[in-house]
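K.L.:
Can you keep this structure in mind? I'll have questions shortly.
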2 protein chains.
Amino acid sequence: MSRLNLAVAVHGTGSGALSWKWPGTQWNRFNDFAFYRRSAEIARSGVIDAVFVSDHPALSRDAHRAPTHVFDPTVLFAAIAGAVPDIGFVLTASSTYSAPYDLARKLASLDTISGGRVIWNVVANFNPDIAANFGSAPLPDRAERYRRADEFIEVVKKLWLSWDTPTGDVPDGPLWDETTARTIDHHGDLFDVRGPLNVPVGPQGHPVISQAGGSPRGIDLAARHAEIVYAAILSKAEADTYRRRLAERAVVHGRSGGDIRLLPGLGVVLGDTTAEAYRRQEALEGAGDEDALVAQLLTRLRKNNPLLPADVDADRPLRPEWFTSTDDQGRPIGFTQALHDVIAEEELTARRLVRRVGPAGGHRVVVGTPREVADDIIDWWSGGHVAGFNVHLPLLHEDLDRFVTQVVPILQAEGVYPTAYEEPTIRGRFGLPTPAPVSGGAALPDLAVG
Amino acid sequence: MSRLNLAVAVHGTGSGALSWKWPGTQWNRFNDFAFYRRSAEIARSGVIDAVFVSDHPALSRDAHRAPTHVFDPTVLFAAIAGAVPDIGFVLTASSTYSAPYDLARKLASLDTISGGRVIWNVVANFNPDIAANFGSAPLPDRAERYRRADEFIEVVKKLWLSWDTPTGDVPDGPLWDETTARTIDHHGDLFDVRGPLNVPVGPQGHPVISQAGGSPRGIDLAARHAEIVYAAILSKAEADTYRRRLAERAVVHGRSGGDIRLLPGLGVVLGDTTAEAYRRQEALEGAGDEDALVAQLLTRLRKNNPLLPADVDADRPLRPEWFTSTDDQGRPIGFTQALHDVIAEEELTARRLVRRVGPAGGHRVVVGTPREVADDIIDWWSGGHVAGFNVHLPLLHEDLDRFVTQVVPILQAEGVYPTAYEEPTIRGRFGLPTPAPVSGGAALPDLAVG
């Protein structure tokens, strides 16, 4: 078992609905680079492995919350890499709306520039607003997006290993030849790419690949390519089931499931007492009390789960059959699946569920004191259910500061988390193997270029 | 007349053929981010307006020189922006092999993150090796590439002004609506893009647009869109002719040519005496003496100018008719055109030409003492021929250090160059107007997104 790993999300003003206009904060800080840089600095002070942003290249439709996705993640994290040492980057980028050579080069550039601190979070996109910003074609269907993601990642990996790192003494002859910089000559169903990449192999071989992997297709893609999986997991039983399914598929693809790290999302809402944490969750979501918070959850759930009745009793167990996913739904299938499973397993009421998933019904949430949160993290990790968590906090910077000064020290005191950065690269921190350069390839065909 | 402007190229190890293995340097520093960052810091110490990199997303075919293009410029400059204040960025990015929404967002992100320090150098690409990295289709012909560039820039500019900067007090209602974040609903021959961009208008309205603009098509594109033109100009007469042609085309497109700044490339080779500078030029190009340097030039010219005879006398004037461009040549048409014109105008011999363009036959070169170089720059600028220069130096960091400590102080003492950064944005430094947000647009059509 590798050590506990922690990433924290640094989207804009935090995950709380009212975070953007919280008293004492600057409402438009979602557009202020200094604010993001400070988030990364706070994370670094807590020896957090990496900061994370998800991404949609489209303006959100909910104009009543600060937009989650503003700065392009590659640019944002490159700027932070220039300013903040040590901290890693979970960088979300699309395989549906990028070209493999371009993205491979950008990620390889940042991985070398940052000294091996990049995790590429591959997404295939589910938001039709993105499609409308990239042409007249509608969003490809899910099967097509996953086929493209699979070949896209294959091409990117080949490119990443196509030019050996230039080391050693000054060469007498050329700086590279066909044995050290190799064409990949990829000709697949969707991509034709010659290579080699014009960025040599970097300090950790290549960036670590992560994937959300919720739907069956997502799990299969993760089993083929992912080194870290950032899935929606709501219970330890779900984590175990998920890891087993992933390992089964990994074996089919000739990999060992043991080399894939499970790093689910985890919302953390802190209070000096549990009750205070509950009140804080309500306040940051703009709910006057628990009933209002539950009402928010049910409203959100109904948008994506049309079978959910209008008159659900908040204190009676929800029925799993109300939560079924469809291939064309406007949110990740993994979220719906995880909800279904935890409701079936634990007979959760809406009142209990809202403290487990928050009013948006997405990733798992822990609401409590720093001790309760730390104990929860240690419990999941030490039981071997997860490698760690990708932590979301409702109010930046306040809750991030609280997490690194109140929760992380408990993890360190318990001996499960490091007190300093011991490994410069993500692979070092996650105990992941370094990919070996591939040999073979061919010289560039003769072609006159001035 | 706006003040003198200076940019410096920070490609890898410098423009000299032997720069990569120069004694006392680290040969593989073209892959070392700290080296690029230091280049930017040295440039900043000389109050240089911006650092520049050109770009090809393909490994160079000349393995006997350090590759000019390694790190992706967006990532490289974002990382430098996070580390080095003040310095601006001339960021080369392709309109042929990018998507307008993606590039608009990356450039807008960096412009806001850096506080308005971005110049986008639009290139349409002429290298078939790039095409092979982006699909099975050959490089589109020049006309098609320029058509695409034109519409591409139009879309990018609309996106850049589509979401007003969020300022003022906390809004009572939504953070944006259709009057502040506007769809662009672009439906052209080549692109369909809805918008709005999910990055608000930045500190200088939008990034400054620059273009090389050498061929007639290039000049027309520059006249439509460019604010800075980085053309190959080899004499003051060429500069005047070029500016007149550009202004004529600008008027056709409803613009004033006076708002376009001419910033030609300028190679600078420094020595304590003129003779020493000549010897240094020879040495850094790997030529034992002047005859060898001349031979290098003739060999390079013959590759692109098949009419050039094999037995040219280095001491007799070259004939202009040997230098004619073709639409499908493997280097910019502007380079060939500028050579043709200066040879016709000044009856240059190859021996004299190599001190004017270097052995690669590209941008203008000045070889001499710091005083001679400074006088040349002042002469061109004070005569109104150019706004300034984009300076290339043969050996980084040595020659860059020499330029900012020996040439720039003369410019400052003569009162033509500032001694500190007085304006935070590129527009401020170049005296360029700030584009006004466009009104109009429409609300996003109703579309269910989870």
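Following the order of the structure tokens, chains are lettered A, B, ..., residues in each are numbered from 1, and ligands are numbered from 1.
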Compile the contact shell of stretch 179-188 of chain A as number ranges by chain: residues with an atom at most 12 Å away, counting only C-alpha atoms, same-chain residues fewer than 5 positions apart removed.
P.N.:
A: 100-101, 147-148, 150-152, 154-167, 174, 193-201, 437-445; B: 58-61, 63, 129, 132-136
K.L.:
What lies within 7 Å of stretch 68-83 of chain A using only C-alpha atoms, ignoring chain neighbours under 4 positions off, as a ChimeraX atom specification?
P.N.:
/A:11-12,37,53,55-56,89,91-92,110,114 /B:74-75,78-83,105-106,109-110,198-199
K.L.:
What does the structure give for the distance between atom CA of B:Arg117 and atom CA of B:Ile260, in Å to one decimal?
P.N.:
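For atom CA of B:Arg117 relative to atom CA of B:Ile260, the distance reads 17.7 Å.
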K.L.:
Between A:Ser2, A:Gln329, A:Thr299, A:Ser45, single out the one closest to A:Val416, counting only C-alpha atoms.
P.N.:
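Smallest distance to A:Val416 is found for A:Ser2.
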K.L.:
Using only C-alpha atoms, which protein or nucleic acid residues come within 12 Å of stretch 249-254 of chain A? Drop anything in the same chain fewer than 4 positions from it, and give the result as a VMD selection string.
P.N.:
chain A and resid 213 216 to 227 242 to 245 258 to 260
K.L.:
List every residue of stretch 211-410 of chain B that DSSP, applied to the backbone of this structure, places in alpha helix (DSSP H), and write the result as number ranges by chain.
P.N.:
B: 216-225, 236-252, 274-284, 290-304, 333-346, 350-357, 370-382, 398-402, 408-410
K.L.:
Could you list, as a list in words, every residue within 12 Å of A:Asp313, counting only C-alpha atoms and ignoring same-chain residues fewer than 2 positions away?
P.N.:
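That gives Asp291, Val294, Ala295, Leu298, Leu308, Pro309, Ala310, Asp311, Asp315, Arg316, Pro317, Leu318, Arg319, Leu348, Thr349, Ala350, Arg351 and Arg352 of chain A.
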K.L.:
Take the residues that were just selected and, keeping all heavy atoms, output them as a CSV table (one decimal), in the first residue's frame.
P.N.:
chain,number,residue,atom,x,y,z
A,291,ASP,N,-34.1,21.6,6.6
A,291,ASP,CA,-35.2,21.3,5.7
A,291,ASP,C,-34.9,21.9,4.3
A,291,ASP,O,-35.2,21.3,3.3
A,291,ASP,CB,-36.5,21.7,6.3
A,291,ASP,CG,-37.0,20.8,7.4
A,291,ASP,OD1,-36.5,19.7,7.4
A,291,ASP,OD2,-37.8,21.2,8.2
A,294,VAL,N,-32.3,20.0,2.4
A,294,VAL,CA,-32.9,18.8,1.9
A,294,VAL,C,-33.7,19.1,0.6
A,294,VAL,O,-33.7,18.4,-0.4
A,294,VAL,CB,-33.7,18.1,2.9
A,294,VAL,CG1,-34.5,16.9,2.3
A,294,VAL,CG2,-32.9,17.6,4.1
A,295,ALA,N,-34.5,20.2,0.7
A,295,ALA,CA,-35.3,20.6,-0.5
A,295,ALA,C,-34.4,20.9,-1.7
A,295,ALA,O,-34.8,20.6,-2.8
A,295,ALA,CB,-36.2,21.8,-0.1
A,298,LEU,N,-33.3,17.6,-3.2
A,298,LEU,CA,-34.4,17.0,-4.0
A,298,LEU,C,-34.7,17.7,-5.3
A,298,LEU,O,-34.9,17.0,-6.3
A,298,LEU,CB,-35.7,16.9,-3.1
A,298,LEU,CG,-35.5,15.9,-2.0
A,298,LEU,CD1,-36.7,16.0,-1.0
A,298,LEU,CD2,-35.4,14.4,-2.5
A,308,LEU,N,-38.0,10.4,-9.8
A,308,LEU,CA,-38.1,10.8,-8.4
A,308,LEU,C,-39.4,11.6,-8.2
A,308,LEU,O,-39.7,12.6,-8.9
A,308,LEU,CB,-36.9,11.8,-8.1
A,308,LEU,CG,-36.6,12.1,-6.6
A,308,LEU,CD1,-36.2,10.8,-5.9
A,308,LEU,CD2,-35.6,13.2,-6.5
A,309,PRO,N,-40.3,11.1,-7.3
A,309,PRO,CA,-41.6,11.7,-7.1
A,309,PRO,C,-41.5,13.1,-6.6
A,309,PRO,O,-40.5,13.5,-6.0
A,309,PRO,CB,-42.3,10.8,-6.1
A,309,PRO,CG,-41.5,9.6,-6.0
A,309,PRO,CD,-40.1,9.9,-6.4
A,310,ALA,N,-42.5,13.9,-6.8
A,310,ALA,CA,-42.5,15.3,-6.3
A,310,ALA,C,-42.6,15.4,-4.8
A,310,ALA,O,-42.3,16.4,-4.2
A,310,ALA,CB,-43.6,16.1,-7.0
A,311,ASP,N,-43.2,14.4,-4.2
A,311,ASP,CA,-43.5,14.5,-2.8
A,311,ASP,C,-42.7,13.5,-1.9
A,311,ASP,O,-43.3,12.9,-1.0
A,311,ASP,CB,-45.0,14.3,-2.6
A,311,ASP,CG,-45.4,12.9,-3.1
A,311,ASP,OD1,-44.6,12.2,-3.8
A,311,ASP,OD2,-46.6,12.4,-2.8
A,315,ASP,N,-37.7,11.9,5.5
A,315,ASP,CA,-37.3,11.0,6.6
A,315,ASP,C,-37.6,9.5,6.3
A,315,ASP,O,-37.6,8.7,7.2
A,315,ASP,CB,-38.0,11.4,7.9
A,315,ASP,CG,-37.5,12.8,8.3
A,315,ASP,OD1,-36.2,12.9,8.5
A,315,ASP,OD2,-38.3,13.7,8.4
A,316,ARG,N,-38.0,9.2,5.0
A,316,ARG,CA,-38.2,7.8,4.6
A,316,ARG,C,-37.1,7.4,3.6
A,316,ARG,O,-36.7,8.3,2.8
A,316,ARG,CB,-39.6,7.6,4.0
A,316,ARG,CG,-40.7,7.8,5.1
A,316,ARG,CD,-42.1,7.7,4.4
A,316,ARG,NE,-42.3,6.4,3.8
A,316,ARG,CZ,-43.0,5.4,4.4
A,316,ARG,NH1,-43.7,5.7,5.5
A,316,ARG,NH2,-43.2,4.3,3.8
A,317,PRO,N,-36.7,6.2,3.6
A,317,PRO,CA,-35.6,5.8,2.7
A,317,PRO,C,-36.0,6.1,1.3
A,317,PRO,O,-37.1,5.9,0.8
A,317,PRO,CB,-35.5,4.3,2.9
A,317,PRO,CG,-35.9,4.1,4.3
A,317,PRO,CD,-37.0,5.1,4.6
A,318,LEU,N,-35.0,6.6,0.5
A,318,LEU,CA,-35.2,6.8,-0.9
A,318,LEU,C,-35.2,5.4,-1.6
A,318,LEU,O,-34.6,4.5,-1.1
A,318,LEU,CB,-34.1,7.7,-1.5
A,318,LEU,CG,-34.1,9.1,-0.9
A,318,LEU,CD1,-32.7,9.7,-1.1
A,318,LEU,CD2,-35.1,10.0,-1.6
A,319,ARG,N,-35.8,5.3,-2.8
A,319,ARG,CA,-35.8,4.1,-3.5
A,319,ARG,C,-34.8,4.1,-4.6
A,319,ARG,O,-34.7,5.0,-5.4
A,319,ARG,CB,-37.2,3.8,-4.1
A,319,ARG,CG,-38.3,3.6,-3.1
A,319,ARG,CD,-39.3,2.6,-3.6
A,319,ARG,NE,-40.6,2.9,-3.0
A,319,ARG,CZ,-41.7,3.0,-3.7
A,319,ARG,NH1,-41.7,2.9,-5.0
A,319,ARG,NH2,-42.8,3.3,-3.1
A,348,LEU,N,-30.8,5.1,2.7
A,348,LEU,CA,-30.6,6.4,3.1
A,348,LEU,C,-31.9,7.2,2.9
A,348,LEU,O,-32.6,7.1,1.8
A,348,LEU,CB,-29.5,7.1,2.3
A,348,LEU,CG,-28.1,6.7,2.7
A,348,LEU,CD1,-27.1,7.3,1.7
A,348,LEU,CD2,-27.7,7.1,4.1
A,349,THR,N,-32.2,8.1,3.8
A,349,THR,CA,-33.3,9.1,3.6
A,349,THR,C,-32.6,10.3,3.0
A,349,THR,O,-31.4,10.5,3.0
A,349,THR,CB,-33.9,9.6,5.0
A,349,THR,OG1,-32.8,10.2,5.7
A,349,THR,CG2,-34.4,8.4,5.8
A,350,ALA,N,-33.5,11.2,2.4
A,350,ALA,CA,-32.9,12.5,1.8
A,350,ALA,C,-32.2,13.3,2.9
A,350,ALA,O,-31.2,13.9,2.6
A,350,ALA,CB,-34.1,13.3,1.2
A,351,ARG,N,-32.7,13.3,4.1
A,351,ARG,CA,-32.1,14.0,5.2
A,351,ARG,C,-30.7,13.5,5.5
A,351,ARG,O,-29.8,14.3,5.8
A,351,ARG,CB,-33.0,14.0,6.5
A,351,ARG,CG,-32.6,15.0,7.6
A,351,ARG,CD,-33.6,14.9,8.8
A,351,ARG,NE,-35.0,15.2,8.5
A,351,ARG,CZ,-35.5,16.4,8.2
A,351,ARG,NH1,-34.7,17.5,8.2
A,351,ARG,NH2,-36.8,16.5,7.9
A,352,ARG,N,-30.5,12.2,5.5
A,352,ARG,CA,-29.2,11.7,5.7
A,352,ARG,C,-28.3,11.9,4.5
A,352,ARG,O,-27.1,12.2,4.6
A,352,ARG,CB,-29.3,10.2,6.2
A,352,ARG,CG,-29.6,10.1,7.7
A,352,ARG,CD,-29.9,8.7,8.1
A,352,ARG,NE,-28.7,7.8,7.8
A,352,ARG,CZ,-28.8,6.5,7.4
A,352,ARG,NH1,-30.0,6.0,7.3
A,352,ARG,NH2,-27.7,5.9,7.2
K.L.:
As number ranges by chain, please: every residue in stretch 267-339 of chain B that a backbone DSSP assignment puts in strand (DSSP E).
P.N.:
B: 267-270
